[in-house]
Amino acid sequence: MDGARRDGAKSGEKREREPEPEAKGGEQRSFLPALESQGTTILHKTVCYAPHPLPARQFDQNTTEPISFYLSSLEELLAWKPTSDDDFNVATMPLANREPPLHSKRPRTLVCHDMKNGYLEDRFIQGSASRDPYVFYHWQYIDIFVYFSHHPVTIPPVTWTNAAHRNGVSVLGTFITEWTSGGKLCESFLAGEAAAYHAVAVQLGRIARFYRFDGWLVNIENALSEAAVRNLPLFLRDLREQLRRDVPGGLVLWYDSVLQSGKLQWQNELNEKNRVFFDACDGLFTNYNWKEEHLERTGAQAGERRTDIYVGIDVFARGEVVGGGFETDKALRLICKHGFSAAIFAPGWVYEHLGKENFLQNENRFWGLLAELLPTHRISTLPLSTCFCLGMGTGRFSAGQEEEVRPWYNLSAQEIQPLFMDQQATGGAGSWLHTRCSLQDAWNGGSCLLIEGIIPPDAGHVAVRLFSFKMPAPPKLFLSLLYKLEEKLPEVAVALELTTWNSGSCHVGVATRHQPPPLPTPPPHLSGLLTGCGRQSMAGWIRRYYELELRDCALHDLSLILSRHQPGLEERRFSCRLGEIQVLDADNLRSSLPRVPSLEASQVLWHKGPGTNQLSLSLTLRWSYPSSQARCFRIHCQGTARPRGQVLPLPEQLLGVAHNTLYRVVGLALPEPPPKESCHVEFFVEPVPNEGAAVERSRWGRLVLVYSDPASTSTY
C-alpha cells in the first residue's frame, strides 16, 4: 500500500506496524488502545467516495461479495489468466484420502448436479442468507461429483469443491457445447491445426490446477464436421495428458452424445460408433434411455474397463428410462448386476420436485433406498473432527450458544456426516433408533446430530455406528465426545466404543471392542487445548475425553453406546444430541497454536449511508496461516465513534466466517467522522483449530483502520 501524510493527503492512506509511536509534547495522543499482539496493522485512510468497481466476473456488482463464475465463450477461455481477484475461488480443502481409493478397479458412483443451470445461492463464496437451500451431504456413498450447467466452461463453485474434498470426493467441471452456437465453437478449435485444440486443453488443465478441482466432463452435444470429429479424440487425449501433469489423479470423462461420424445421436451404451472417444479418456457417461440389453452389449465392448462405464440414471425419469424418483434403486440394481459404475443425474429432484418443506427427510429417504446397493467409503486419515454441520442453518451457534438468529448457507462450512441416517439400532429385540440432522440447539455451526430411540426391557444398550475406518491405528488416540440428553436421564449412560482389527500374523481378522473410561482431567500438557473435560455447560452440553493406547491393529468402527445402568421392566426412551466427535492422533496434537500474523486490507470502498451520519465500508482482509491447522476463521470487528468530541466505543460484532485466508467485509455500517476528527474500526481474525479449542485473543490477527473526513487535520 502507498504511504501518505497524516493530514489526509492525496493517497489518503498510511500503514504502520506496532509499536504505536509515543505522543510528543503538546501533540494529541492517539485514542487507539494499547496494541497487545505483535501482529497488529494500523491503516490510515481518508474517506473517498470515488467509484472503484471490482471485476464483474469475480464480484457481485451490487454488493461486491465474492462469487463463483463460469466462462461463456472460447475467447474467454483462451484469454483466462488468474489474478489476485481469483483467490476467493481457490479451494482450500485438499482432496482427503479414503478407502477404497478412486482409482481402484471397482464400480464407482458419480453424482451429476444439475439444478436450474447452476450458480444459484451456491455462487456466493462467503455464503448467503438462503432460508431453504439445497445441500448434498451423503458423500460417503459417492466417488465423483460433477457440477453441471449449460455454460461452455462450468467451473465448480468453490463451496462445492471444499465440501466434496473434505469427504474424499473428486470434483469435475463441465466443458459443454450445444446447439448452433456450440457447433461454431467446436469448429473454431477442432477443425484446424493441432495448436488450436492444444491451446484449449492447456487452458482447461490450468484452470483445474489453479482452482484446485479434479478434472472435466466433456459434453459435445452438437454435430461436427469431418475435420472436427477427426481431431476430437486427439483433443481428448491431449486434455487427459495435460490434466495428468497439472492435476495428479485428475479425470476426463466423455458424455455419450456425438458419434465418430460427427452425427449427434445418443447411444445409451458403448459401441463401435462412440468407442473412439471412450478409448481417448478415463470413462464414458452414458445417456439415460437404456434397457438391460444396452448394458449387455456395453459389457461386451468394455472388456477390462467395465468400471470406467458410468451408466446414466436420470432421477427425473425423463424419456423411456428404468426407475427414477424413489424407484432409482431399480436402475441401480441393474447397473450393479452388470458390474458398471453409476452416474446419478440430478438427484436434486428431491428438492425441486418434492419441495423444500420436507427436503431433509426426503433426501434421507432417497439415499436410504440406495444405500444397500452402494459401497460405504471408510475414513483413512486422522484427525476426524466434526460438529455435524450441514453447511446451512436457521441460526449460527458457537459453544452451544446461538449467536446469530438468521438463516445462512455455505457449503464450505459443511462437515463430515455420520454413516447414514434413519438407521436401525443394534441391541436386541424391541430396539428402535432414528438418527437425523437437527437445525436446532447445535454446538457449533448450524446443526447437530439428533439420535432418538428406545432401549427395550432387559436390554443393556443400543449402539449407533457413526464412522468406519480403514487405517493403521496410531500408538495413542485421544477421543472427544460432546453430547446432550434432552431430558435428565440418570439411568442412561452415553459412551464411545471403538472397534479395531488385530493386524498381527496370528490374529488376522480378530475384532476388539474398546470402551475406554472418560478422563477426569485432560493431560497436563494439553489442558489448554482439551478444555471443559467432564463439565456440563449452561446449555446442558457435556464434554468427555478418552485416551486409548493401541498396538498392531487397524481402526474399524466408531459407535455411540447408550446403555442402562440396570435392566428394567419398562422400555427406556431417550433423545440425545451429538454436538461434536473427535478422533485425534495423540502424537500430532499441538500444545499451542500459531498466531495470525499481521493483516492486510485492500479493495477499500466507501459509500454514504445507510443511516444519517453513517458510512458504509467494504474491504478485503488477507492474512496467512497454516491451512492444515484451522477449520475456519471467525471475523470480528469493533470501533469507536466521536460524536460532539466524546469517545464512544462500538460493541464488538461477528461479521462472518472465512474458509480461506481472506475475507470480504461488505457494507459495514460505521459512524461518519466529524470534521477534523477521526474514528477507528478494528478487525480481528480468530482462527478456529481443527481440535475446536478456543485460541487466546493475543494470537488473533488484528488490523486497525483509522478513517477521517478528507478535511481532517488531526494526527494519529
# chains A, B, ... in the order shown; residues from 1 in each chain; ligands from 1
call {"tool": "residues_around", "arguments": {"residues": "Leu485 of chain A", "least_positions_apart": "3", "cutoff": "7 Å", "atoms": "only C-alpha atoms", "output": "number ranges by chain"}}
result
A: 488, 575-577
call {"tool": "write_last_selection", "arguments": {"atoms": "all heavy atoms", "output": "compact mmCIF listing (two decimals), in the first residue's frame"}}
result
# COMPACT_ATOMS: atom_id res chain seq x y z
N LYS A 488 -33.29 -35.14 31.72
CA LYS A 488 -32.40 -35.68 32.73
C LYS A 488 -32.71 -37.17 32.90
O LYS A 488 -33.76 -37.55 33.41
CB LYS A 488 -32.57 -34.95 34.05
CG LYS A 488 -32.08 -33.51 34.00
CD LYS A 488 -32.18 -32.83 35.35
CE LYS A 488 -31.65 -31.40 35.28
NZ LYS A 488 -31.74 -30.72 36.61
N SER A 575 -33.52 -39.32 24.01
CA SER A 575 -33.25 -38.37 22.93
C SER A 575 -31.92 -37.71 23.24
O SER A 575 -31.77 -37.04 24.27
CB SER A 575 -34.36 -37.32 22.83
OG SER A 575 -34.10 -36.39 21.80
N CYS A 576 -30.94 -37.91 22.35
CA CYS A 576 -29.57 -37.47 22.61
C CYS A 576 -29.06 -36.66 21.41
O CYS A 576 -29.18 -37.11 20.27
CB CYS A 576 -28.67 -38.67 22.86
SG CYS A 576 -26.94 -38.27 23.19
N ARG A 577 -28.51 -35.51 21.70
CA ARG A 577 -27.89 -34.69 20.65
C ARG A 577 -26.37 -34.86 20.71
O ARG A 577 -25.78 -34.81 21.79
CB ARG A 577 -28.24 -33.21 20.83
CG ARG A 577 -29.71 -32.91 20.59
CD ARG A 577 -30.02 -31.43 20.77
NE ARG A 577 -31.44 -31.19 20.55
CZ ARG A 577 -31.99 -30.92 19.36
NH1 ARG A 577 -31.19 -30.81 18.30
NH2 ARG A 577 -33.28 -30.74 19.25
call {"tool": "select_by_dssp", "arguments": {"residues": "segment 566-686 of chain A", "states": "helix (DSSP H, G or I)", "output": "ChimeraX atom specification"}}
result
/A:586-588,627-629,643-645
call {"tool": "write_last_selection", "arguments": {"atoms": "C-alpha atoms", "output": "tab-separated table (two decimals), in the first residue's frame"}}
result
chain	number	residue	atom	x	y	z
A	586	ALA	CA	-2.01	-38.02	20.18
A	587	ASP	CA	1.40	-37.65	18.54
A	588	ASN	CA	0.09	-34.90	16.26
A	627	SER	CA	-4.10	-24.41	6.18
A	628	SER	CA	-3.87	-27.75	7.99
A	629	GLN	CA	-4.26	-26.17	11.43
A	643	PRO	CA	-19.91	12.47	18.47
A	644	ARG	CA	-19.50	16.05	19.72
A	645	GLY	CA	-16.00	15.36	20.96
call {"tool": "closest_atom_pairs", "arguments": {"of": "segment 417-496 of chain A", "to": "segment 90-97 of chain A", "cutoff": "12 Å", "atoms": "only C-alpha atoms", "output": "CSV"}}
result
residue,atom,partner,partner_atom,distance
A:Phe469,CA,A:Asn97,CA,11.3
A:Lys470,CA,A:Asn97,CA,10.6
A:Met471,CA,A:Asn97,CA,10.5
call {"tool": "write_last_selection", "arguments": {"atoms": "N, CA, C and O atoms", "output": "mmCIF file, in the first residue's frame"}}
result
data_model
loop_
_atom_site.group_PDB
_atom_site.id
_atom_site.type_symbol
_atom_site.label_atom_id
_atom_site.label_comp_id
_atom_site.auth_asym_id
_atom_site.auth_seq_id
_atom_site.Cartn_x
_atom_site.Cartn_y
_atom_site.Cartn_z
ATOM 1 N N PHE A 469 -13.600 -46.827 9.590
ATOM 2 C CA PHE A 469 -12.214 -46.507 9.259
ATOM 3 C C PHE A 469 -11.578 -47.691 8.533
ATOM 4 O O PHE A 469 -12.005 -48.839 8.678
ATOM 5 N N LYS A 470 -10.533 -47.389 7.812
ATOM 6 C CA LYS A 470 -9.638 -48.419 7.290
ATOM 7 C C LYS A 470 -8.250 -47.805 7.262
ATOM 8 O O LYS A 470 -7.833 -47.188 6.286
ATOM 9 N N MET A 471 -7.534 -47.975 8.373
ATOM 10 C CA MET A 471 -6.214 -47.361 8.508
ATOM 11 C C MET A 471 -5.507 -47.967 9.718
ATOM 12 O O MET A 471 -6.144 -48.432 10.669
#
call {"tool": "closest_residue", "arguments": {"among": "A:Phe345, A:Phe175, A:Tyr137, A:Phe189", "to": "Leu110 of chain A", "atoms": "only C-alpha atoms"}}
result
A:Phe345
call {"tool": "select_by_dssp", "arguments": {"residues": "segment 61-238 of chain A", "states": "strand (DSSP E)", "output": "PDB file with C-alpha atoms, in the first residue's frame"}}
result
ATOM      1  CA  ARG A  98     -10.258 -42.607   1.963  1.00  0.00           C
ATOM      2  CA  GLU A  99     -10.872 -46.279   1.269  1.00  0.00           C
ATOM      3  CA  THR A 109     -20.654 -43.795  -8.106  1.00  0.00           C
ATOM      4  CA  LEU A 110     -20.842 -40.391  -9.771  1.00  0.00           C
ATOM      5  CA  VAL A 111     -23.359 -37.673  -8.937  1.00  0.00           C
ATOM      6  CA  CYS A 112     -24.039 -35.019 -11.570  1.00  0.00           C
ATOM      7  CA  HIS A 113     -25.530 -31.897 -10.021  1.00  0.00           C
ATOM      8  CA  ILE A 144     -17.114 -38.255  -8.114  1.00  0.00           C
ATOM      9  CA  PHE A 145     -19.181 -35.061  -8.102  1.00  0.00           C
ATOM     10  CA  VAL A 146     -19.808 -33.219 -11.380  1.00  0.00           C
ATOM     11  CA  TYR A 147     -21.023 -29.640 -11.304  1.00  0.00           C
ATOM     12  CA  VAL A 153     -16.836 -23.715 -19.245  1.00  0.00           C
ATOM     13  CA  THR A 154     -18.504 -24.619 -15.954  1.00  0.00           C
ATOM     14  CA  SER A 170     -13.265 -35.762  -6.604  1.00  0.00           C
ATOM     15  CA  VAL A 171     -14.916 -32.787  -8.315  1.00  0.00           C
ATOM     16  CA  LEU A 172     -15.239 -32.261 -12.075  1.00  0.00           C
ATOM     17  CA  GLY A 173     -16.232 -29.186 -14.024  1.00  0.00           C
ATOM     18  CA  THR A 174     -18.088 -29.356 -17.337  1.00  0.00           C
ATOM     19  CA  PHE A 175     -16.888 -28.357 -20.802  1.00  0.00           C
ATOM     20  CA  ILE A 176     -20.064 -28.300 -22.895  1.00  0.00           C
ATOM     21  CA  THR A 177     -21.067 -27.180 -26.387  1.00  0.00           C
ATOM     22  CA  GLU A 178     -24.667 -27.202 -27.653  1.00  0.00           C
ATOM     23  CA  GLY A 215     -10.968 -32.723 -13.976  1.00  0.00           C
ATOM     24  CA  TRP A 216     -13.641 -32.320 -16.632  1.00  0.00           C
ATOM     25  CA  LEU A 217     -16.763 -33.891 -18.052  1.00  0.00           C
ATOM     26  CA  VAL A 218     -16.665 -33.189 -21.802  1.00  0.00           C
ATOM     27  CA  ASN A 219     -20.115 -32.940 -23.372  1.00  0.00           C
ATOM     28  CA  ILE A 220     -20.266 -32.162 -27.117  1.00  0.00           C
ATOM     29  CA  GLU A 221     -23.986 -32.036 -27.928  1.00  0.00           C
TER      30      GLU A 221
END
call {"tool": "residues_around", "arguments": {"residues": "segment 329-336 of chain A", "least_positions_apart": "3", "cutoff": "10 Å", "atoms": "only C-alpha atoms", "output": "NGL selection string"}}
result
:A and (107-108 or 288 or 290-292 or 295 or 309-315 or 321-326 or 339-344 or 366-374)
call {"tool": "residues_around", "arguments": {"residues": "segment 239-245 of chain A", "least_positions_apart": "4", "cutoff": "6 Å", "atoms": "only C-alpha atoms", "output": "count of residues only"}}
result
4
call {"tool": "residues_around", "arguments": {"residues": "segment 124-133 of chain A", "least_positions_apart": "5", "cutoff": "7 Å", "atoms": "only C-alpha atoms", "output": "NGL selection string"}}
result
:A and (66-68 or 158-159 or 356 or 407-410 or 658)
call {"tool": "write_last_selection", "arguments": {"atoms": "N, CA, C and O atoms", "output": "short mmCIF file (atom, residue, chain, number, x, y, z; two decimals), in the first residue's frame"}}
result
data_model
loop_
_atom_site.label_atom_id
_atom_site.label_comp_id
_atom_site.auth_asym_id
_atom_site.auth_seq_id
_atom_site.Cartn_x
_atom_site.Cartn_y
_atom_site.Cartn_z
N PRO A 66 -17.72 -11.68 -3.05
CA PRO A 66 -17.05 -12.58 -3.99
C PRO A 66 -17.98 -13.69 -4.45
O PRO A 66 -18.74 -14.25 -3.65
N ILE A 67 -17.93 -14.01 -5.73
CA ILE A 67 -18.83 -15.01 -6.30
C ILE A 67 -18.06 -15.99 -7.17
O ILE A 67 -17.00 -15.68 -7.70
N SER A 68 -18.60 -17.18 -7.31
CA SER A 68 -18.10 -18.16 -8.27
C SER A 68 -18.66 -17.84 -9.65
O SER A 68 -19.70 -17.20 -9.78
N VAL A 158 -16.51 -22.94 -5.55
CA VAL A 158 -15.50 -23.38 -4.59
C VAL A 158 -16.14 -24.01 -3.36
O VAL A 158 -15.55 -24.90 -2.73
N THR A 159 -17.36 -23.60 -3.00
CA THR A 159 -18.00 -24.19 -1.82
C THR A 159 -18.27 -25.67 -2.03
O THR A 159 -18.14 -26.47 -1.10
N LYS A 356 -39.37 -27.90 -0.80
CA LYS A 356 -38.36 -27.58 0.21
C LYS A 356 -38.78 -27.96 1.62
O LYS A 356 -37.94 -28.14 2.49
N PRO A 407 -31.19 -17.22 8.92
CA PRO A 407 -30.78 -18.34 8.08
C PRO A 407 -29.45 -18.06 7.39
O PRO A 407 -29.13 -16.90 7.08
N TRP A 408 -28.69 -19.10 7.15
CA TRP A 408 -27.43 -18.96 6.42
C TRP A 408 -27.15 -20.25 5.66
O TRP A 408 -27.67 -21.31 5.96
N TYR A 409 -26.29 -20.12 4.64
CA TYR A 409 -25.97 -21.24 3.76
C TYR A 409 -24.57 -21.06 3.22
O TYR A 409 -24.25 -20.04 2.61
N ASN A 410 -23.71 -22.03 3.48
CA ASN A 410 -22.35 -22.01 2.94
C ASN A 410 -21.81 -23.43 3.00
O ASN A 410 -21.50 -23.94 4.09
N ALA A 658 -14.78 -17.18 7.64
CA ALA A 658 -13.98 -17.37 6.42
C ALA A 658 -13.46 -18.79 6.37
O ALA A 658 -13.04 -19.35 7.40
#
call {"tool": "residues_around", "arguments": {"residues": "Asn287 of chain A", "least_positions_apart": "3", "cutoff": "7 Å", "atoms": "only C-alpha atoms", "output": "list in words"}}
result
Asp256, Trp266, Gln267, Asn268 and Gly312 of chain A
call {"tool": "residues_around", "arguments": {"residues": "Phe277 of chain A", "least_positions_apart": "3", "cutoff": "6 Å", "atoms": "only C-alpha atoms", "output": "PyMOL selection string"}}
result
chain A and resi 233+274+280
call {"tool": "closest_residue", "arguments": {"among": "A:Glu547, A:His377, A:His103, A:Leu360", "to": "Leu251 of chain A", "atoms": "only C-alpha atoms"}}
result
A:His103
call {"tool": "closest_residue", "arguments": {"among": "A:Gln401, A:Ser592, A:Ser468, A:Thr500", "to": "Gly540 of chain A", "atoms": "only C-alpha atoms"}}
result
A:Gln401
call {"tool": "closest_residue", "arguments": {"among": "A:Asp458, A:Glu226, A:Glu296, A:Glu672", "to": "Lys608 of chain A", "atoms": "only C-alpha atoms"}}
result
A:Glu672
call {"tool": "closest_residue", "arguments": {"among": "A:Arg306, A:Lys45, A:Arg166, A:His434", "to": "Leu384 of chain A", "atoms": "only C-alpha atoms"}}
result
A:Arg166
call {"tool": "closest_residue", "arguments": {"among": "A:Gly445, A:Ser559, A:Trp432, A:Gly348", "to": "Val494 of chain A", "atoms": "only C-alpha atoms"}}
result
A:Ser559
call {"tool": "atom_distance", "arguments": {"atom1": "atom CA of Val706 of chain A", "atom2": "atom CA of Pro51 of chain A"}}
result
20.4 Å
